[in-house]
Amino acid sequence: MSDGTFLRYVALGDSQTEGLGDGDDAGGLRGWADRLAELLARERSDVLYANLAVRGRLAGQVRAEQLGPALALRPDLATVVAGVNDLLRPRFDADATAGHLEAMFAALTAQGARVATLTFPGVGRITPLARPLGPRVEALNERIRAASRRHGVTVVETSRHPVVDDPRLWSPDRLHAGPIGHARIAAAVAQALALPGSDDSWARPLPPQALPSGLGAVAAELRWAGSFLGPWLGRRLRGRSSGDDRRAKRPELLPVAAGPGTPPGTAWRA
């Protein structure tokens, strides 16, 4: 809407937008998109929100499965965040991945929606074993920025702030944000959209905390590899995905209070 308020918010993406790391399947996933919807609803109680994201989806799958339904919902605000699952694949193609994202940017903005997206942090800064993926992340980020400029998409540059490297923002699997991280992402998007009450506090560092070093750091890496990396590789080898047989948690536009997750009013600066 021209006055900077939004009444119809639709989120497209993969596990991060679905909310993995912030809640669980038994009690409900919250996630940064839910938290952003709650911020929108603080200004307008009649805000409607749909979340089409499904874990494990590649950018091309997000485009094929979610773009059509998103356009049918005619959002005035849409967030499109995908590509991490692509860059984890052996045959990652940055141009093809960004092409799927750009197609979604183009279609949604052409329909009149305000669109926002994110850049991704260097995974090697969070998981040392993943450092070889660093150039892939930067290649994708560069293409996201270029595509966003062409279509007037708001880019939330979370990747450039040191606080993103703080392990307290991440879930134990180190691939998904934890509750604090999801809260920070929502606040970053709110600031980029100039929502009332938003500011740059999301980028400020957390209080200092001692981190494992030496043998403790090595042991932590081994535990992570055994608990998360091994099972992830096993699924890849079997041709399986964490999102197999899953559907969007919130496929229709509903009042924010009517959907799954934590009710509005819960503190979003976790």
# chains A, B, ... in the order shown; residues from 1 in each chain; ligands from 1

$ residues_around --residues "range 156-165 of chain A" --least-positions-apart "4" --cutoff "6 Å" --atoms "only C-alpha atoms" --output "PyMOL selection string"
chain A and resi 118-121+126+205

$ select_by_dssp --residues "range 1-248 of chain A" --states "strand (DSSP E or B)" --output "ChimeraX atom specification"
/A:8-13,23-24,28-29,48-51,77-81,114-118,154-156,170,177

$ closest_residue --among "A:Asp95, A:Glu38, A:Asp166, A:Glu252" --to "Arg204 in chain A" --atoms "only C-alpha atoms"
A:Asp166

$ select_by_dssp --residues "range 34-213 of chain A" --states "alpha helix (DSSP H)" --output "ChimeraX atom specification"
/A:34-43,59-73,84-87,94-110,134-151,179-192

$ write_last_selection --atoms "C-alpha atoms" --output "PDB file, in the first residue's frame"
ATOM      1  CA  ASP A  34       5.330 -15.338  11.659  1.00  0.00           C
ATOM      2  CA  ARG A  35       7.126 -12.806  13.820  1.00  0.00           C
ATOM      3  CA  LEU A  36       7.079 -10.234  11.023  1.00  0.00           C
ATOM      4  CA  ALA A  37       3.352 -10.819  10.560  1.00  0.00           C
ATOM      5  CA  GLU A  38       2.891 -10.162  14.271  1.00  0.00           C
ATOM      6  CA  LEU A  39       4.704  -6.832  13.893  1.00  0.00           C
ATOM      7  CA  LEU A  40       2.467  -5.897  10.979  1.00  0.00           C
ATOM      8  CA  ALA A  41      -0.609  -6.800  13.048  1.00  0.00           C
ATOM      9  CA  ARG A  42       0.461  -4.448  15.825  1.00  0.00           C
ATOM     10  CA  GLU A  43      -0.220  -1.576  13.441  1.00  0.00           C
ATOM     11  CA  ALA A  59      14.581 -22.313  -5.449  1.00  0.00           C
ATOM     12  CA  GLY A  60      13.083 -23.874  -8.572  1.00  0.00           C
ATOM     13  CA  GLN A  61      10.625 -25.845  -6.473  1.00  0.00           C
ATOM     14  CA  VAL A  62       9.614 -22.714  -4.556  1.00  0.00           C
ATOM     15  CA  ARG A  63       8.935 -21.023  -7.891  1.00  0.00           C
ATOM     16  CA  ALA A  64       7.013 -23.993  -9.324  1.00  0.00           C
ATOM     17  CA  GLU A  65       4.942 -24.751  -6.233  1.00  0.00           C
ATOM     18  CA  GLN A  66       4.488 -21.435  -4.436  1.00  0.00           C
ATOM     19  CA  LEU A  67       4.540 -18.571  -6.933  1.00  0.00           C
ATOM     20  CA  GLY A  68       1.184 -19.371  -8.537  1.00  0.00           C
ATOM     21  CA  PRO A  69      -0.664 -19.682  -5.211  1.00  0.00           C
ATOM     22  CA  ALA A  70       1.064 -16.527  -3.958  1.00  0.00           C
ATOM     23  CA  LEU A  71      -0.066 -14.510  -6.978  1.00  0.00           C
ATOM     24  CA  ALA A  72      -3.604 -15.834  -6.527  1.00  0.00           C
ATOM     25  CA  LEU A  73      -3.608 -14.412  -2.996  1.00  0.00           C
ATOM     26  CA  VAL A  84      20.408 -22.273   0.608  1.00  0.00           C
ATOM     27  CA  ASN A  85      19.261 -25.781  -0.284  1.00  0.00           C
ATOM     28  CA  ASP A  86      20.597 -25.202  -3.797  1.00  0.00           C
ATOM     29  CA  LEU A  87      24.057 -24.114  -2.724  1.00  0.00           C
ATOM     30  CA  ALA A  94      24.313 -19.735  -9.000  1.00  0.00           C
ATOM     31  CA  ASP A  95      22.853 -18.300 -12.213  1.00  0.00           C
ATOM     32  CA  ALA A  96      20.049 -20.858 -12.373  1.00  0.00           C
ATOM     33  CA  THR A  97      19.208 -20.439  -8.696  1.00  0.00           C
ATOM     34  CA  ALA A  98      19.150 -16.660  -8.945  1.00  0.00           C
ATOM     35  CA  GLY A  99      17.093 -16.947 -12.131  1.00  0.00           C
ATOM     36  CA  HIS A 100      14.306 -18.689 -10.223  1.00  0.00           C
ATOM     37  CA  LEU A 101      14.419 -16.000  -7.543  1.00  0.00           C
ATOM     38  CA  GLU A 102      14.340 -13.232 -10.150  1.00  0.00           C
ATOM     39  CA  ALA A 103      11.331 -14.792 -11.862  1.00  0.00           C
ATOM     40  CA  MET A 104       9.469 -14.632  -8.546  1.00  0.00           C
ATOM     41  CA  PHE A 105      10.613 -11.057  -7.939  1.00  0.00           C
ATOM     42  CA  ALA A 106       9.411 -10.044 -11.398  1.00  0.00           C
ATOM     43  CA  ALA A 107       6.003 -11.684 -11.160  1.00  0.00           C
ATOM     44  CA  LEU A 108       5.187 -10.398  -7.694  1.00  0.00           C
ATOM     45  CA  THR A 109       6.355  -6.828  -8.271  1.00  0.00           C
ATOM     46  CA  ALA A 110       4.548  -6.725 -11.624  1.00  0.00           C
ATOM     47  CA  GLY A 134      31.821 -19.510   1.161  1.00  0.00           C
ATOM     48  CA  PRO A 135      32.349 -18.575  -2.509  1.00  0.00           C
ATOM     49  CA  ARG A 136      28.987 -20.097  -3.403  1.00  0.00           C
ATOM     50  CA  VAL A 137      27.227 -17.983  -0.784  1.00  0.00           C
ATOM     51  CA  GLU A 138      28.828 -14.783  -2.025  1.00  0.00           C
ATOM     52  CA  ALA A 139      28.084 -15.662  -5.656  1.00  0.00           C
ATOM     53  CA  LEU A 140      24.407 -16.155  -4.820  1.00  0.00           C
ATOM     54  CA  ASN A 141      24.272 -12.984  -2.720  1.00  0.00           C
ATOM     55  CA  GLU A 142      25.730 -10.917  -5.570  1.00  0.00           C
ATOM     56  CA  ARG A 143      23.084 -12.218  -7.946  1.00  0.00           C
ATOM     57  CA  ILE A 144      20.286 -11.629  -5.435  1.00  0.00           C
ATOM     58  CA  ARG A 145      21.387  -8.002  -5.088  1.00  0.00           C
ATOM     59  CA  ALA A 146      21.541  -7.509  -8.855  1.00  0.00           C
ATOM     60  CA  ALA A 147      18.129  -9.107  -9.461  1.00  0.00           C
ATOM     61  CA  SER A 148      16.630  -7.065  -6.627  1.00  0.00           C
ATOM     62  CA  ARG A 149      17.913  -3.824  -8.149  1.00  0.00           C
ATOM     63  CA  ARG A 150      16.305  -4.687 -11.463  1.00  0.00           C
ATOM     64  CA  HIS A 151      12.887  -5.223  -9.887  1.00  0.00           C
ATOM     65  CA  PRO A 179      14.459 -18.235  18.333  1.00  0.00           C
ATOM     66  CA  ILE A 180      16.829 -15.303  18.875  1.00  0.00           C
ATOM     67  CA  GLY A 181      17.943 -15.465  15.263  1.00  0.00           C
ATOM     68  CA  HIS A 182      14.403 -15.601  13.897  1.00  0.00           C
ATOM     69  CA  ALA A 183      13.507 -12.606  16.055  1.00  0.00           C
ATOM     70  CA  ARG A 184      16.505 -10.692  14.701  1.00  0.00           C
ATOM     71  CA  ILE A 185      15.602 -11.528  11.095  1.00  0.00           C
ATOM     72  CA  ALA A 186      12.038 -10.295  11.617  1.00  0.00           C
ATOM     73  CA  ALA A 187      13.357  -7.083  13.130  1.00  0.00           C
ATOM     74  CA  ALA A 188      15.798  -6.624  10.243  1.00  0.00           C
ATOM     75  CA  VAL A 189      13.028  -7.005   7.668  1.00  0.00           C
ATOM     76  CA  ALA A 190      10.839  -4.616   9.666  1.00  0.00           C
ATOM     77  CA  GLN A 191      13.581  -1.991   9.610  1.00  0.00           C
ATOM     78  CA  ALA A 192      14.180  -2.463   5.872  1.00  0.00           C
TER      79      ALA A 192
END

$ atom_distance --atom1 "CA of Val256 in chain A" --atom2 "CA of Leu48 in chain A"
6.0 Å

$ residues_around --residues "Gly19 in chain A" --least-positions-apart "2" --cutoff "10 Å" --atoms "only C-alpha atoms" --output "number ranges by chain"
A: 14-17, 21-25, 28-35, 51, 53-55, 176-179, 182, 249, 261

$ write_last_selection --atoms "N, CA and C atoms" --output "PDB file, in the first residue's frame"
ATOM      1  N   ASP A  14      11.684 -21.701   1.959  1.00  0.00           N
ATOM      2  CA  ASP A  14      12.008 -23.051   2.411  1.00  0.00           C
ATOM      3  C   ASP A  14      11.928 -23.120   3.942  1.00  0.00           C
ATOM      4  N   SER A  15      12.787 -23.934   4.550  1.00  0.00           N
ATOM      5  CA  SER A  15      12.660 -24.208   5.982  1.00  0.00           C
ATOM      6  C   SER A  15      12.830 -22.974   6.857  1.00  0.00           C
ATOM      7  N   GLN A  16      13.695 -22.038   6.441  1.00  0.00           N
ATOM      8  CA  GLN A  16      13.913 -20.861   7.268  1.00  0.00           C
ATOM      9  C   GLN A  16      12.626 -20.057   7.388  1.00  0.00           C
ATOM     10  N   THR A  17      11.920 -19.885   6.273  1.00  0.00           N
ATOM     11  CA  THR A  17      10.662 -19.144   6.300  1.00  0.00           C
ATOM     12  C   THR A  17       9.547 -19.956   6.939  1.00  0.00           C
ATOM     13  N   GLY A  21      13.690 -24.334  13.689  1.00  0.00           N
ATOM     14  CA  GLY A  21      14.586 -23.772  14.683  1.00  0.00           C
ATOM     15  C   GLY A  21      13.880 -22.899  15.700  1.00  0.00           C
ATOM     16  N   ASP A  22      12.622 -22.547  15.425  1.00  0.00           N
ATOM     17  CA  ASP A  22      11.857 -21.670  16.314  1.00  0.00           C
ATOM     18  C   ASP A  22      10.549 -22.384  16.644  1.00  0.00           C
ATOM     19  N   GLY A  23      10.601 -23.250  17.648  1.00  0.00           N
ATOM     20  CA  GLY A  23       9.478 -24.118  17.966  1.00  0.00           C
ATOM     21  C   GLY A  23       9.726 -25.494  17.388  1.00  0.00           C
ATOM     22  N   ASP A  24       8.691 -26.312  17.327  1.00  0.00           N
ATOM     23  CA  ASP A  24       8.829 -27.657  16.773  1.00  0.00           C
ATOM     24  C   ASP A  24       7.522 -28.081  16.126  1.00  0.00           C
ATOM     25  N   ASP A  25       7.564 -29.234  15.450  1.00  0.00           N
ATOM     26  CA  ASP A  25       6.375 -29.690  14.742  1.00  0.00           C
ATOM     27  C   ASP A  25       5.239 -30.059  15.694  1.00  0.00           C
ATOM     28  N   GLY A  28       4.177 -26.439  17.168  1.00  0.00           N
ATOM     29  CA  GLY A  28       4.009 -25.400  16.166  1.00  0.00           C
ATOM     30  C   GLY A  28       5.292 -24.619  15.941  1.00  0.00           C
ATOM     31  N   LEU A  29       5.554 -24.316  14.691  1.00  0.00           N
ATOM     32  CA  LEU A  29       6.709 -23.514  14.326  1.00  0.00           C
ATOM     33  C   LEU A  29       6.301 -22.052  14.249  1.00  0.00           C
ATOM     34  N   ARG A  30       7.171 -21.190  14.734  1.00  0.00           N
ATOM     35  CA  ARG A  30       6.903 -19.760  14.670  1.00  0.00           C
ATOM     36  C   ARG A  30       7.720 -19.161  13.522  1.00  0.00           C
ATOM     37  N   GLY A  31       8.970 -18.825  13.739  1.00  0.00           N
ATOM     38  CA  GLY A  31       9.832 -18.368  12.670  1.00  0.00           C
ATOM     39  C   GLY A  31       9.715 -16.884  12.379  1.00  0.00           C
ATOM     40  N   TRP A  32      10.689 -16.394  11.600  1.00  0.00           N
ATOM     41  CA  TRP A  32      10.775 -14.953  11.389  1.00  0.00           C
ATOM     42  C   TRP A  32       9.581 -14.406  10.601  1.00  0.00           C
ATOM     43  N   ALA A  33       9.030 -15.174   9.667  1.00  0.00           N
ATOM     44  CA  ALA A  33       7.894 -14.668   8.900  1.00  0.00           C
ATOM     45  C   ALA A  33       6.668 -14.506   9.792  1.00  0.00           C
ATOM     46  N   ASP A  34       6.424 -15.477  10.686  1.00  0.00           N
ATOM     47  CA  ASP A  34       5.330 -15.338  11.659  1.00  0.00           C
ATOM     48  C   ASP A  34       5.562 -14.108  12.531  1.00  0.00           C
ATOM     49  N   ARG A  35       6.805 -13.942  12.947  1.00  0.00           N
ATOM     50  CA  ARG A  35       7.126 -12.806  13.820  1.00  0.00           C
ATOM     51  C   ARG A  35       6.942 -11.479  13.089  1.00  0.00           C
ATOM     52  N   ASN A  51       1.626 -18.304   4.806  1.00  0.00           N
ATOM     53  CA  ASN A  51       3.004 -18.780   4.733  1.00  0.00           C
ATOM     54  C   ASN A  51       3.012 -20.056   3.888  1.00  0.00           C
ATOM     55  N   ALA A  53       5.807 -21.492   2.646  1.00  0.00           N
ATOM     56  CA  ALA A  53       7.131 -22.110   2.668  1.00  0.00           C
ATOM     57  C   ALA A  53       7.072 -23.568   3.118  1.00  0.00           C
ATOM     58  N   VAL A  54       7.943 -24.381   2.522  1.00  0.00           N
ATOM     59  CA  VAL A  54       8.066 -25.795   2.874  1.00  0.00           C
ATOM     60  C   VAL A  54       9.548 -26.141   2.944  1.00  0.00           C
ATOM     61  N   ARG A  55       9.939 -26.796   4.003  1.00  0.00           N
ATOM     62  CA  ARG A  55      11.333 -27.169   4.219  1.00  0.00           C
ATOM     63  C   ARG A  55      11.877 -28.037   3.079  1.00  0.00           C
ATOM     64  N   HIS A 176      19.753 -23.523  10.549  1.00  0.00           N
ATOM     65  CA  HIS A 176      18.557 -22.716  10.761  1.00  0.00           C
ATOM     66  C   HIS A 176      18.761 -21.781  11.945  1.00  0.00           C
ATOM     67  N   ALA A 177      18.158 -20.629  11.848  1.00  0.00           N
ATOM     68  CA  ALA A 177      18.180 -19.713  12.984  1.00  0.00           C
ATOM     69  C   ALA A 177      17.442 -20.334  14.168  1.00  0.00           C
ATOM     70  N   GLY A 178      17.879 -19.976  15.376  1.00  0.00           N
ATOM     71  CA  GLY A 178      17.133 -20.323  16.577  1.00  0.00           C
ATOM     72  C   GLY A 178      16.149 -19.206  16.881  1.00  0.00           C
ATOM     73  N   PRO A 179      15.436 -19.282  18.008  1.00  0.00           N
ATOM     74  CA  PRO A 179      14.459 -18.235  18.333  1.00  0.00           C
ATOM     75  C   PRO A 179      15.031 -16.823  18.306  1.00  0.00           C
ATOM     76  N   HIS A 182      15.645 -15.907  14.612  1.00  0.00           N
ATOM     77  CA  HIS A 182      14.403 -15.601  13.897  1.00  0.00           C
ATOM     78  C   HIS A 182      13.857 -14.235  14.314  1.00  0.00           C
ATOM     79  N   LYS A 249       2.306 -24.736   5.888  1.00  0.00           N
ATOM     80  CA  LYS A 249       1.628 -24.717   7.184  1.00  0.00           C
ATOM     81  C   LYS A 249       0.460 -23.726   7.219  1.00  0.00           C
ATOM     82  N   GLY A 261       1.333 -21.223  15.634  1.00  0.00           N
ATOM     83  CA  GLY A 261       2.472 -20.479  16.149  1.00  0.00           C
ATOM     84  C   GLY A 261       2.103 -19.732  17.408  1.00  0.00           C
TER      85      GLY A 261
END
